file final-v1.cif (mmCIF, C-alpha atoms)
data_query
loop_
_atom_site.label_atom_id
_atom_site.label_comp_id
_atom_site.auth_asym_id
_atom_site.auth_seq_id
_atom_site.Cartn_x
_atom_site.Cartn_y
_atom_site.Cartn_z
CA MET A 1 28.88 43.56 -80.48
CA SER A 2 32.47 44.63 -79.83
CA GLN A 3 34.97 42.59 -77.85
CA THR A 4 34.97 45.27 -75.16
CA ASP A 5 31.32 44.35 -74.53
CA ASP A 6 31.97 40.59 -74.75
CA LEU A 7 33.84 39.21 -71.76
CA ILE A 8 34.01 35.66 -73.13
CA ALA A 9 35.64 36.80 -76.39
CA THR A 10 38.21 38.78 -74.42
CA LEU A 11 39.11 36.01 -71.96
CA ALA A 12 39.12 33.29 -74.64
CA ASP A 13 41.28 35.53 -76.86
CA ILE A 14 39.06 35.03 -79.90
CA ASP A 15 40.42 36.63 -83.07
CA PRO A 16 37.64 38.96 -84.27
CA ASP A 17 38.32 37.92 -87.88
CA SER A 18 38.20 34.17 -87.19
CA GLY A 19 35.59 31.63 -88.17
CA LEU A 20 34.75 31.22 -84.48
CA ALA A 21 34.06 34.94 -84.14
CA HIS A 22 31.80 34.72 -87.20
CA ALA A 23 29.97 31.73 -85.68
CA ARG A 24 29.43 33.62 -82.44
CA GLN A 25 28.05 36.54 -84.42
CA THR A 26 25.66 34.10 -86.11
CA ARG A 27 24.55 33.16 -82.58
CA HIS A 28 24.32 36.84 -81.65
CA ALA A 29 21.37 36.40 -79.26
CA ALA A 30 23.23 33.84 -77.14
CA THR A 31 26.35 36.03 -77.08
CA LEU A 32 24.36 39.19 -76.28
CA HIS A 33 22.26 37.74 -73.47
CA ALA A 34 25.08 35.76 -71.86
CA GLN A 35 26.80 39.14 -71.56
CA GLY A 36 23.49 40.60 -70.40
CA SER A 37 23.31 38.02 -67.62
CA TYR A 38 26.83 39.02 -66.58
CA ASN A 39 25.83 42.68 -66.58
CA VAL A 40 22.82 42.07 -64.33
CA LEU A 41 24.91 40.06 -61.89
CA PHE A 42 28.05 42.18 -61.75
CA GLU A 43 27.38 45.78 -62.70
CA GLN A 44 25.82 46.57 -59.34
CA GLY A 45 24.76 44.74 -56.20
CA ASP A 46 21.86 45.34 -53.84
CA ASP A 47 21.07 45.06 -50.13
CA ASP A 48 20.35 41.33 -50.53
CA PHE A 49 23.74 40.63 -52.12
CA PRO A 50 26.34 43.44 -52.32
CA LEU A 51 28.65 43.62 -55.31
CA ALA A 52 31.85 43.00 -53.33
CA GLU A 53 30.38 39.72 -52.03
CA ARG A 54 29.33 38.74 -55.55
CA ARG A 55 32.84 39.27 -56.90
CA LEU A 56 34.45 37.42 -54.01
CA LEU A 57 32.27 34.36 -54.51
CA ALA A 58 32.54 34.49 -58.32
CA ALA A 59 36.35 34.53 -58.02
CA LYS A 60 36.18 31.48 -55.73
CA VAL A 61 33.99 29.58 -58.19
CA ALA A 62 36.17 30.49 -61.20
CA GLY A 63 39.22 29.29 -59.27
CA TRP A 64 37.54 25.96 -58.46
CA HIS A 65 36.89 25.62 -62.21
CA ALA A 66 40.61 26.19 -62.95
CA GLN A 67 39.92 29.39 -64.91
CA PRO A 68 42.64 31.79 -63.70
CA GLY A 69 41.75 34.57 -66.15
CA LEU A 70 38.13 34.54 -65.06
CA GLN A 71 39.19 34.32 -61.42
CA ALA A 72 41.45 37.38 -61.80
CA HIS A 73 38.65 39.27 -63.56
CA TYR A 74 36.30 38.75 -60.61
CA GLN A 75 38.81 39.21 -57.80
CA PRO A 76 37.53 42.14 -55.67
CA GLN A 77 39.86 45.00 -54.94
CA GLU A 78 39.04 45.11 -51.24
CA THR A 79 39.43 42.29 -48.73
CA LEU A 80 36.13 41.36 -47.12
CA PRO A 81 36.13 40.30 -43.48
CA GLN A 82 35.06 36.72 -42.86
CA SER A 83 31.59 36.34 -41.41
CA ALA A 84 29.05 33.60 -40.83
CA ARG A 85 27.15 34.95 -43.86
CA ILE A 86 30.16 34.65 -46.19
CA GLU A 87 31.19 31.26 -44.78
CA ALA A 88 27.68 29.88 -45.40
CA ALA A 89 27.69 31.28 -48.93
CA GLN A 90 31.11 29.78 -49.69
CA ALA A 91 29.98 26.36 -48.44
CA PHE A 92 26.86 26.60 -50.59
CA ALA A 93 28.91 27.73 -53.62
CA HIS A 94 31.38 24.86 -53.15
CA ARG A 95 28.52 22.33 -53.09
CA LEU A 96 26.92 23.83 -56.22
CA THR A 97 30.26 23.78 -57.99
CA PHE A 98 31.41 20.26 -57.25
CA ASP A 99 28.43 18.15 -56.16
CA PRO A 100 25.09 19.91 -56.66
CA VAL A 101 23.13 16.65 -56.44
CA THR A 102 23.89 16.51 -52.70
CA ALA A 103 22.03 19.77 -52.02
CA ALA A 104 19.13 19.58 -49.59
CA PRO A 105 16.67 21.97 -47.90
CA GLU A 106 18.92 22.27 -44.84
CA HIS A 107 21.60 23.93 -46.97
CA LEU A 108 19.17 26.72 -47.86
CA ASP A 109 18.18 26.91 -44.19
CA ALA A 110 21.85 27.45 -43.29
CA LEU A 111 21.90 30.45 -45.62
CA LYS A 112 18.70 31.87 -44.14
CA GLN A 113 20.08 31.48 -40.61
CA THR A 114 23.04 33.70 -41.52
CA GLY A 115 20.88 36.48 -42.93
CA TRP A 116 20.37 35.52 -46.58
CA SER A 117 16.97 36.57 -47.96
CA PRO A 118 15.06 34.41 -50.46
CA ARG A 119 15.98 36.86 -53.24
CA GLY A 120 19.61 36.82 -52.15
CA ILE A 121 19.68 33.02 -52.14
CA VAL A 122 18.22 32.87 -55.65
CA THR A 123 20.79 35.39 -56.89
CA LEU A 124 23.60 33.47 -55.16
CA ALA A 125 22.53 30.20 -56.82
CA GLN A 126 22.29 31.98 -60.17
CA LEU A 127 25.76 33.49 -59.72
CA VAL A 128 27.44 30.15 -58.97
CA ALA A 129 25.60 28.45 -61.82
CA PHE A 130 26.38 31.29 -64.22
CA VAL A 131 30.13 31.24 -63.47
CA SER A 132 29.98 27.45 -63.99
CA PHE A 133 28.48 28.21 -67.42
CA GLN A 134 31.12 30.83 -68.21
CA SER A 135 33.93 28.49 -67.17
CA ARG A 136 32.74 25.78 -69.54
CA LEU A 137 32.29 28.25 -72.37
CA LEU A 138 35.91 29.30 -71.92
CA ALA A 139 37.19 25.71 -71.68
CA GLY A 140 35.22 24.65 -74.75
CA LEU A 141 36.17 27.65 -76.86
CA ARG A 142 39.84 27.23 -76.04
CA SER A 143 39.68 23.58 -77.08
CA LEU A 144 37.96 24.63 -80.29
CA GLN A 145 40.86 26.99 -80.98
CA GLY A 146 43.42 24.28 -80.14
CA ASP A 147 44.67 26.14 -77.07
CA ASP A 148 44.48 23.13 -74.73
CA ALA A 149 47.63 21.00 -74.94
CA SER A 150 46.18 18.06 -72.99
CA GLY A 151 46.21 14.63 -74.59
CA GLU A 152 43.59 11.95 -75.02
CA ALA A 153 40.61 12.32 -72.70
CA ALA A 154 39.59 9.55 -70.33
CA PRO A 155 36.00 8.33 -70.83
CA VAL A 156 33.56 10.17 -68.56
CA VAL A 157 31.15 8.18 -66.43
CA ALA A 158 27.63 8.87 -65.21
CA GLY A 159 27.42 10.68 -61.91
CA HIS A 160 25.37 9.64 -58.90
CA TRP A 161 21.87 10.85 -58.10
CA HIS A 162 19.27 11.00 -55.36
CA GLU A 163 18.23 7.70 -53.80
CA ALA A 164 15.55 8.94 -51.36
CA LEU A 165 12.11 7.48 -52.00
CA LYS A 166 10.24 10.60 -50.85
CA THR A 167 10.72 14.30 -51.43
CA ALA A 168 11.07 16.76 -48.56
CA SER A 169 7.29 17.28 -48.64
CA GLY A 170 6.48 13.56 -48.83
CA LYS A 171 5.78 13.17 -52.55
CA THR A 172 7.06 10.18 -54.52
CA ALA A 173 10.67 10.89 -55.47
CA LEU A 174 12.65 9.62 -58.47
CA THR A 175 15.56 7.22 -58.06
CA ALA A 176 16.16 6.52 -61.77
CA PHE A 177 16.29 8.50 -64.99
CA THR A 178 13.15 8.56 -67.11
CA GLN A 179 11.51 10.22 -70.09
CA GLN A 180 8.26 10.65 -68.14
CA GLU A 181 6.89 14.10 -67.45
CA LEU A 182 7.77 15.00 -63.86
CA GLY A 183 6.80 17.62 -61.35
CA TRP A 184 9.27 19.85 -59.50
CA GLU A 185 8.77 21.49 -56.11
CA PRO A 186 10.85 24.33 -54.68
CA TRP A 187 12.52 24.35 -51.26
CA LEU A 188 12.09 28.12 -51.14
CA PRO A 189 8.63 29.57 -51.75
CA ALA A 190 8.03 30.76 -55.28
CA LYS A 191 7.00 34.39 -55.43
CA PRO A 192 3.17 34.60 -55.64
CA LEU A 193 1.94 35.94 -58.96
CA ALA A 194 -0.05 38.67 -57.20
CA GLU A 195 3.19 40.15 -55.81
CA PHE A 196 4.49 40.90 -59.31
CA SER A 197 3.60 44.21 -60.94
CA GLU A 198 1.45 44.25 -64.07
CA ASN A 199 4.56 44.79 -66.20
CA GLU A 200 6.40 41.95 -64.45
CA GLN A 201 3.45 39.63 -64.93
CA ALA A 202 3.49 40.48 -68.64
CA LYS A 203 7.18 39.49 -68.82
CA LEU A 204 6.49 36.18 -67.08
CA ALA A 205 3.59 35.51 -69.46
CA LYS A 206 5.73 36.38 -72.50
CA PHE A 207 8.12 33.54 -71.66
CA GLY A 208 5.43 31.11 -70.44
CA HIS A 209 6.67 31.29 -66.85
CA THR A 210 3.47 32.37 -65.10
CA ASP A 211 2.32 28.96 -63.82
CA SER A 212 5.75 27.52 -63.00
CA ASP A 213 6.94 27.41 -59.38
CA TYR A 214 10.50 27.07 -60.67
CA PHE A 215 10.39 30.20 -62.81
CA ARG A 216 8.43 32.25 -60.27
CA LEU A 217 11.14 31.32 -57.75
CA LEU A 218 13.88 32.47 -60.14
CA ALA A 219 11.77 35.56 -60.83
CA ARG A 220 12.68 36.83 -57.36
CA ASN A 221 15.45 38.31 -59.51
CA LEU A 222 13.42 38.95 -62.62
CA PRO A 223 15.98 40.95 -64.66
CA LEU A 224 18.42 38.04 -64.35
CA LEU A 225 15.76 35.46 -65.21
CA GLU A 226 14.86 37.48 -68.30
CA GLN A 227 18.47 37.52 -69.56
CA ARG A 228 18.92 33.84 -68.72
CA THR A 229 15.77 32.90 -70.63
CA LEU A 230 16.92 34.85 -73.68
CA THR A 231 20.34 33.15 -73.46
CA ASP A 232 18.58 29.77 -73.41
CA LYS A 233 16.52 30.65 -76.47
CA GLY A 234 19.60 31.96 -78.27
CA ILE A 235 21.39 28.66 -77.68
CA PHE A 236 18.65 26.11 -78.31
CA TYR A 237 16.13 27.72 -80.67
CA THR A 238 18.22 28.83 -83.63
CA ALA A 239 18.40 27.67 -87.24
CA GLY A 240 21.34 25.85 -88.81
CA GLY A 241 24.38 24.53 -87.03
CA LEU A 242 23.98 21.51 -84.75
CA PRO A 243 20.59 19.84 -85.16
CA ARG A 244 18.25 20.65 -82.28
CA ALA A 245 18.00 16.95 -81.37
CA GLU A 246 21.74 16.87 -80.68
CA ARG A 247 21.63 20.05 -78.61
CA GLU A 248 18.99 18.29 -76.51
CA LEU A 249 21.22 15.21 -76.41
CA ALA A 250 24.02 17.36 -74.97
CA ALA A 251 21.64 18.69 -72.29
CA THR A 252 20.80 15.09 -71.38
CA VAL A 253 24.47 14.12 -71.14
CA VAL A 254 25.23 17.01 -68.76
CA SER A 255 22.25 16.01 -66.63
CA LYS A 256 23.58 12.43 -66.41
CA VAL A 257 26.99 13.69 -65.26
CA ASN A 258 25.39 15.96 -62.64
CA GLY A 259 22.62 13.57 -61.59
CA CYS A 260 19.78 15.92 -62.55
CA ILE A 261 16.84 13.58 -63.14
CA TYR A 262 14.36 16.40 -63.83
CA CYS A 263 16.40 18.13 -66.54
CA ALA A 264 17.22 14.79 -68.14
CA SER A 265 13.54 13.84 -68.30
CA VAL A 266 12.66 17.02 -70.20
CA HIS A 267 15.56 17.04 -72.62
CA ALA A 268 15.83 13.30 -73.24
CA ARG A 269 12.18 13.39 -74.22
CA LYS A 270 12.89 16.22 -76.67
CA ALA A 271 15.96 14.42 -78.04
CA SER A 272 13.86 11.29 -78.62
CA GLN A 273 11.06 13.19 -80.33
CA LEU A 274 13.37 15.14 -82.62
CA SER A 275 15.90 12.40 -83.45
CA LYS A 276 13.41 9.51 -83.67
CA GLN A 277 16.06 7.49 -81.79
CA ASP A 278 14.17 6.68 -78.61
CA ASP A 279 16.15 3.48 -77.93
CA ALA A 280 19.49 5.28 -78.16
CA VAL A 281 18.32 8.06 -75.85
CA GLN A 282 16.95 5.55 -73.37
CA LYS A 283 20.26 3.67 -73.49
CA LEU A 284 21.97 6.86 -72.37
CA LEU A 285 19.45 7.37 -69.55
CA ASN A 286 19.94 3.79 -68.38
CA VAL A 287 23.72 4.13 -67.84
CA ALA A 288 24.43 3.27 -64.20
CA PRO A 289 26.52 5.51 -61.91
CA GLY A 290 30.20 4.99 -62.63
CA ALA A 291 29.64 3.50 -66.11
CA VAL A 292 30.95 5.14 -69.29
CA LEU A 293 28.31 7.32 -70.94
CA SER A 294 29.36 7.06 -74.59
CA HIS A 295 29.50 3.28 -75.04
CA GLY A 296 27.13 1.59 -77.45
CA HIS A 297 26.15 4.57 -79.59
CA SER A 298 26.80 5.56 -83.21
CA ALA A 299 30.19 7.10 -83.92
CA ARG A 300 28.66 10.58 -84.17
CA TRP A 301 26.73 10.29 -80.91
CA GLN A 302 29.75 8.77 -79.18
CA ALA A 303 31.80 11.82 -80.16
CA ILE A 304 29.08 14.23 -78.99
CA ILE A 305 28.49 12.40 -75.71
CA ALA A 306 32.20 12.10 -74.92
CA PHE A 307 32.84 15.81 -75.51
CA SER A 308 29.76 17.03 -73.61
CA ALA A 309 30.60 14.76 -70.69
CA ALA A 310 34.23 15.96 -70.55
CA LEU A 311 33.08 19.59 -70.66
CA SER A 312 30.69 18.86 -67.78
CA LEU A 313 33.40 17.80 -65.33
CA THR A 314 34.64 20.22 -62.67
CA PRO A 315 37.12 21.44 -63.78
CA ALA A 316 36.10 20.82 -67.38
CA LYS A 317 38.42 18.56 -69.39
CA PRO A 318 37.63 18.80 -73.12
CA THR A 319 40.49 18.21 -75.55
CA PRO A 320 41.36 19.21 -79.12
CA LEU A 321 41.36 15.49 -79.96
CA GLN A 322 37.68 15.41 -79.08
CA ILE A 323 37.13 18.43 -81.31
CA SER A 324 38.92 16.56 -84.14
CA ALA A 325 36.67 13.54 -83.60
CA LEU A 326 33.61 15.78 -83.85
CA ARG A 327 34.89 17.40 -87.04
CA GLU A 328 35.38 13.92 -88.51
CA GLN A 329 31.66 13.38 -87.86
CA GLY A 330 30.79 16.46 -89.90
CA LEU A 331 30.46 19.16 -87.25
CA ASP A 332 31.67 22.52 -88.54
CA THR A 333 32.61 25.50 -86.37
CA LEU A 334 29.03 26.70 -85.94
CA ALA A 335 27.85 23.22 -84.95
CA LEU A 336 30.74 22.90 -82.50
CA LEU A 337 29.85 26.27 -80.98
CA ASP A 338 26.25 25.07 -80.59
CA LEU A 339 27.48 21.94 -78.83
CA ILE A 340 29.74 23.91 -76.47
CA GLN A 341 27.00 26.40 -75.62
CA SER A 342 24.30 23.75 -75.15
CA THR A 343 26.56 21.79 -72.82
CA ALA A 344 27.71 24.84 -70.88
CA PHE A 345 24.17 26.10 -70.43
CA PHE A 346 23.15 22.92 -68.65
CA ALA A 347 25.96 23.35 -66.16
CA TRP A 348 23.88 26.43 -65.27
CA ALA A 349 20.44 24.81 -65.48
CA ASN A 350 21.28 21.66 -63.50
CA ARG A 351 22.80 23.65 -60.65
CA LEU A 352 19.57 25.59 -60.19
CA MET A 353 17.21 22.62 -60.46
CA LEU A 354 19.30 20.49 -58.06
CA THR A 355 19.88 23.09 -55.36
CA LEU A 356 16.62 25.03 -55.15
CA GLY A 357 14.17 22.10 -55.18
CA GLU A 358 13.59 18.54 -56.38
CA PRO A 359 11.52 16.48 -58.83
CA PHE A 360 8.59 14.27 -57.95
CA LEU A 361 6.42 11.72 -59.72
CA PRO A 362 2.93 13.19 -60.29
CA GLU A 363 -0.03 11.16 -59.03
#
call {"tool": "encode", "arguments": {"input": "final-v1.cif", "output": "structure tokens"}}
result
Amino acid sequence: MSQTDDLIATLADIDPDSGLAHARQTRHAATLHAQGSYNVLFEQGDDDFPLAERRLLAAKVAGWHAQPGLQAHYQPQETLPQSARIEAAQAFAHRLTFDPVTAAPEHLDALKQTGWSPRGIVTLAQLVAFVSFQSRLLAGLRSLQGDDASGEAAPVVAGHWHEALKTASGKTALTAFTQQELGWEPWLPAKPLAEFSENEQAKLAKFGHTDSDYFRLLARNLPLLEQRTLTDKGIFYTAGGLPRAERELAATVVSKVNGCIYCASVHARKASQLSKQDDAVQKLLNVAPGAVLSHGHSARWQAIIAFSAALSLTPAKPTPLQISALREQGLDTLALLDLIQSTAFFAWANRLMLTLGEPFLPE
């Protein structure tokens, strides 16, 4: 994969002969399908979401993430007139960027009232979440290369989360983090399986998405879901590098920062199973809003938690000092890349789970 086909390598100014470039080649599937997700989103628009609107909103999101190179890349050539449709989309994008846990069904209703279709809303949410992912990749990779001159990072605290006792449909909601298996219900209708073609149903079945409301909702833009799923697998299901348990730990940390109880339940459970450190994982889940996430863990987990949490802020605030602390704990360049990508991916995942639906406690 050449740099001309790899936007992240170009914007992060990665030397093609460097150890980081070699590590990214080792994680070729993640690199390829992250670029594939970009291609689906930005090579052409459609009637639900024209390309000029996509670029305008992507530039806004990149700017909010303090990524001027990415912002300039997305900046559309033409000036779009303001409209109720664009204003609603910008408000939605701002919420997803800075405080996705505050999303509610009425925010999707506001989009529908200004002409957004269900498919357009799904693509809009994916776009904002994807640019959030890209922004953190760039911030993390620059820190890994020592490009960030910032000093010692302040400890990052747990974010806030939903406090309602019932979901929008009246099911029992979650007000605390847990390792229990949870349900999730969408605020937009998932696309019925019968409305997918035979070939599309085969793709859903290939990835195990057939029976999931969440994935059949995202499958309103199936080409994008396919690339996103392959990016996920390229980041989390690869040999060597950072142990899988610690990639799952990173996903849990991001979910604590963003207040995503559902994602945390899934990935904390995996981190516990793989690390055999259930008490340590539960300690992380139990951190109250406003309390420091990394306290009370082993030196290695403290370093991982601190870096993942800093990378999860908006704008992201990782530092080379945090990279040095991770290297002192034995993480090499490939392991650091795995940590950056695992963390960045959950900036994407949380923003979809939190803004398109909500978790519930099964009967």
call {"tool": "closest_residue", "arguments": {"input": "final-v1.cif", "among": "A:Phe215, A:Phe207, A:Tyr38, A:Phe133", "to": "Leu188 of chain A", "atoms": "all atoms listed in the file"}}
result
A:Phe215
call {"tool": "residues_around", "arguments": {"input": "final-v1.cif", "residues": "Phe98 of chain A", "least_positions_apart": "2", "cutoff": "10 Å", "atoms": "all atoms listed in the file", "output": "list in words"}}
result
Val61, Trp64, His65, Ala93, His94, Arg95, Leu96, Pro100, Val101, Thr102, Ser132, Asn258, Leu313, Thr314, Pro315 and Arg351 of chain A
call {"tool": "resolve_selection", "arguments": {"input": "final-v1.cif", "expression": "the PyMOL selection byres ((chain A and resi 139-149) around 6)", "output": "list in words"}}
result
Arg136, Leu137, Leu138, Ser150, Thr319, Pro320 and Ile340 of chain A
call {"tool": "closest_residue", "arguments": {"input": "final-v1.cif", "among": "A:Ser212, A:Gln227, A:Thr97, A:Gln273", "to": "Ala129 of chain A", "atoms": "only C-alpha atoms"}}
result
A:Thr97
call {"tool": "resolve_selection", "arguments": {"input": "final-v1.cif", "expression": "the PyMOL selection byres ((chain A and resi 293) around 10)", "output": "NGL selection string"}}
result
:A and (155-159 or 253 or 256-257 or 283-292 or 294-297 or 302 or 305-306 or 309)
call {"tool": "write_last_selection", "arguments": {"input": "final-v1.cif", "atoms": "C-alpha atoms", "output": "PDB file, keeping the file's coordinate frame"}}
result
ATOM      1  CA  PRO A 155      36.000   8.330 -70.830  1.00  0.00           C
ATOM      2  CA  VAL A 156      33.560  10.170 -68.560  1.00  0.00           C
ATOM      3  CA  VAL A 157      31.150   8.180 -66.430  1.00  0.00           C
ATOM      4  CA  ALA A 158      27.630   8.870 -65.210  1.00  0.00           C
ATOM      5  CA  GLY A 159      27.420  10.680 -61.910  1.00  0.00           C
ATOM      6  CA  VAL A 253      24.470  14.120 -71.140  1.00  0.00           C
ATOM      7  CA  LYS A 256      23.580  12.430 -66.410  1.00  0.00           C
ATOM      8  CA  VAL A 257      26.990  13.690 -65.260  1.00  0.00           C
ATOM      9  CA  LYS A 283      20.260   3.670 -73.490  1.00  0.00           C
ATOM     10  CA  LEU A 284      21.970   6.860 -72.370  1.00  0.00           C
ATOM     11  CA  LEU A 285      19.450   7.370 -69.550  1.00  0.00           C
ATOM     12  CA  ASN A 286      19.940   3.790 -68.380  1.00  0.00           C
ATOM     13  CA  VAL A 287      23.720   4.130 -67.840  1.00  0.00           C
ATOM     14  CA  ALA A 288      24.430   3.270 -64.200  1.00  0.00           C
ATOM     15  CA  PRO A 289      26.520   5.510 -61.910  1.00  0.00           C
ATOM     16  CA  GLY A 290      30.200   4.990 -62.630  1.00  0.00           C
ATOM     17  CA  ALA A 291      29.640   3.500 -66.110  1.00  0.00           C
ATOM     18  CA  VAL A 292      30.950   5.140 -69.290  1.00  0.00           C
ATOM     19  CA  SER A 294      29.360   7.060 -74.590  1.00  0.00           C
ATOM     20  CA  HIS A 295      29.500   3.280 -75.040  1.00  0.00           C
ATOM     21  CA  GLY A 296      27.130   1.590 -77.450  1.00  0.00           C
ATOM     22  CA  HIS A 297      26.150   4.570 -79.590  1.00  0.00           C
ATOM     23  CA  GLN A 302      29.750   8.770 -79.180  1.00  0.00           C
ATOM     24  CA  ILE A 305      28.490  12.400 -75.710  1.00  0.00           C
ATOM     25  CA  ALA A 306      32.200  12.100 -74.920  1.00  0.00           C
ATOM     26  CA  ALA A 309      30.600  14.760 -70.690  1.00  0.00           C
TER      27      ALA A 309
END
call {"tool": "residues_around", "arguments": {"input": "final-v1.cif", "residues": "Ala271 of chain A", "least_positions_apart": "5", "cutoff": "7 Å", "atoms": "all atoms listed in the file", "output": "VMD selection string"}}
result
chain A and resid 245 to 246 248 to 249
call {"tool": "write_last_selection", "arguments": {"input": "final-v1.cif", "atoms": "C-alpha atoms", "output": "PDB file, in the coordinates of the input"}}
result
ATOM      1  CA  ALA A 245      18.000  16.950 -81.370  1.00  0.00           C
ATOM      2  CA  GLU A 246      21.740  16.870 -80.680  1.00  0.00           C
ATOM      3  CA  GLU A 248      18.990  18.290 -76.510  1.00  0.00           C
ATOM      4  CA  LEU A 249      21.220  15.210 -76.410  1.00  0.00           C
TER       5      LEU A 249
END
call {"tool": "closest_residue", "arguments": {"input": "final-v1.cif", "among": "A:Ala110, A:Ile121, A:Val281, A:Val131", "to": "Leu57 of chain A", "atoms": "only C-alpha atoms"}}
result
A:Val131
call {"tool": "resolve_selection", "arguments": {"input": "final-v1.cif", "expression": "the PyMOL selection byres ((chain A and resi 223) around 12)", "output": "ChimeraX atom specification"}}
result
/A:33,36-41,123,126,200,203-204,218-222,224-230
call {"tool": "axis_aligned_box", "arguments": {"input": "final-v1.cif", "around": "segment 332-348 of chain A", "padding_each_side": "5 Å", "output": "JSON"}}
result
{"center_x": 27.9, "center_y": 24.2, "center_z": -76.9, "size_x": 19.5, "size_y": 14.9, "size_z": 33.3}
call {"tool": "residues_around", "arguments": {"input": "final-v1.cif", "residues": "segment 8-10 of chain A", "least_positions_apart": "6", "cutoff": "10 Å", "atoms": "all atoms listed in the file", "output": "list in words"}}
result
Ser2, Pro16, Leu20, Ala21, Arg24, Thr31, Ala34, Gln35, Gly69, Leu70, Gln134, Ser135, Leu137, Leu138 and Leu141 of chain A
call {"tool": "write_last_selection", "arguments": {"input": "final-v1.cif", "atoms": "C-alpha atoms", "output": "short mmCIF file (atom, residue, chain, number, x, y, z; two decimals), in the frame of the given file"}}
result
data_model
loop_
_atom_site.label_atom_id
_atom_site.label_comp_id
_atom_site.auth_asym_id
_atom_site.auth_seq_id
_atom_site.Cartn_x
_atom_site.Cartn_y
_atom_site.Cartn_z
CA SER A 2 32.47 44.63 -79.83
CA PRO A 16 37.64 38.96 -84.27
CA LEU A 20 34.75 31.22 -84.48
CA ALA A 21 34.06 34.94 -84.14
CA ARG A 24 29.43 33.62 -82.44
CA THR A 31 26.35 36.03 -77.08
CA ALA A 34 25.08 35.76 -71.86
CA GLN A 35 26.80 39.14 -71.56
CA GLY A 69 41.75 34.57 -66.15
CA LEU A 70 38.13 34.54 -65.06
CA GLN A 134 31.12 30.83 -68.21
CA SER A 135 33.93 28.49 -67.17
CA LEU A 137 32.29 28.25 -72.37
CA LEU A 138 35.91 29.30 -71.92
CA LEU A 141 36.17 27.65 -76.86
#
call {"tool": "atom_distance", "arguments": {"input": "final-v1.cif", "atom1": "atom CA of Ala335 of chain A", "atom2": "atom CA of Phe177 of chain A"}}
result
27.4 Å
call {"tool": "atom_distance", "arguments": {"input": "final-v1.cif", "atom1": "atom CA of Ser342 of chain A", "atom2": "atom CA of Arg247 of chain A"}}
result
5.7 Å
call {"tool": "closest_residue", "arguments": {"input": "final-v1.cif", "among": "A:Glu363, A:Asp46, A:Asp232, A:Glu181", "to": "Lys270 of chain A", "atoms": "all atoms listed in the file"}}
result
A:Glu181
call {"tool": "closest_residue", "arguments": {"input": "final-v1.cif", "among": "A:Leu356, A:Ala325, A:Ala190, A:Ala239", "to": "Asp109 of chain A", "atoms": "all atoms listed in the file"}}
result
A:Leu356
call {"tool": "atom_distance", "arguments": {"input": "final-v1.cif", "atom1": "atom CA of Thr114 of chain A", "atom2": "atom CA of Lys191 of chain A"}}
result
21.2 Å
call {"tool": "closest_residue", "arguments": {"input": "final-v1.cif", "among": "A:His162, A:Lys206, A:Arg27, A:Lys171", "to": "Thr333 of chain A", "atoms": "only C-alpha atoms"}}
result
A:Arg27
call {"tool": "residues_around", "arguments": {"input": "final-v1.cif", "residues": "Gln322 of chain A", "least_positions_apart": "3", "cutoff": "10 Å", "atoms": "all atoms listed in the file", "output": "PDB file with C-alpha atoms, in the frame of the given file"}}
result
ATOM      1  CA  SER A 143      39.680  23.580 -77.080  1.00  0.00           C
ATOM      2  CA  LEU A 144      37.960  24.630 -80.290  1.00  0.00           C
ATOM      3  CA  GLY A 151      46.210  14.630 -74.590  1.00  0.00           C
ATOM      4  CA  GLU A 152      43.590  11.950 -75.020  1.00  0.00           C
ATOM      5  CA  ALA A 153      40.610  12.320 -72.700  1.00  0.00           C
ATOM      6  CA  ALA A 303      31.800  11.820 -80.160  1.00  0.00           C
ATOM      7  CA  ILE A 304      29.080  14.230 -78.990  1.00  0.00           C
ATOM      8  CA  ALA A 306      32.200  12.100 -74.920  1.00  0.00           C
ATOM      9  CA  PHE A 307      32.840  15.810 -75.510  1.00  0.00           C
ATOM     10  CA  SER A 308      29.760  17.030 -73.610  1.00  0.00           C
ATOM     11  CA  ALA A 310      34.230  15.960 -70.550  1.00  0.00           C
ATOM     12  CA  PRO A 318      37.630  18.800 -73.120  1.00  0.00           C
ATOM     13  CA  THR A 319      40.490  18.210 -75.550  1.00  0.00           C
ATOM     14  CA  ALA A 325      36.670  13.540 -83.600  1.00  0.00           C
ATOM     15  CA  LEU A 326      33.610  15.780 -83.850  1.00  0.00           C
ATOM     16  CA  ARG A 327      34.890  17.400 -87.040  1.00  0.00           C
ATOM     17  CA  GLU A 328      35.380  13.920 -88.510  1.00  0.00           C
TER      18      GLU A 328
END
call {"tool": "residues_around", "arguments": {"input": "final-v1.cif", "residues": "Pro50 of chain A", "least_positions_apart": "6", "cutoff": "10 Å", "atoms": "only C-alpha atoms", "output": "PyMOL selection string"}}
result
chain A and resi 42+44+120
call {"tool": "decode", "arguments": {"input": "final-v1.cif", "residues": "segment 236-247 of chain A", "atoms": "C-alpha atoms", "output": "tab-separated table (two decimals), in the first residue's frame"}}
result
chain	number	residue	atom	x	y	z
A	236	PHE	CA	-8.25	-6.42	17.46
A	237	TYR	CA	-7.81	-9.89	15.96
A	238	THR	CA	-4.16	-10.00	14.93
A	239	ALA	CA	-1.19	-11.97	16.23
A	240	GLY	CA	1.78	-10.48	18.08
A	241	GLY	CA	2.12	-6.94	19.30
A	242	LEU	CA	-0.02	-5.82	22.23
A	243	PRO	CA	-1.75	-8.74	23.96
A	244	ARG	CA	-5.43	-8.94	23.06
A	245	ALA	CA	-6.40	-8.48	26.72
A	246	GLU	CA	-4.73	-5.06	26.75
A	247	ARG	CA	-6.39	-4.01	23.49
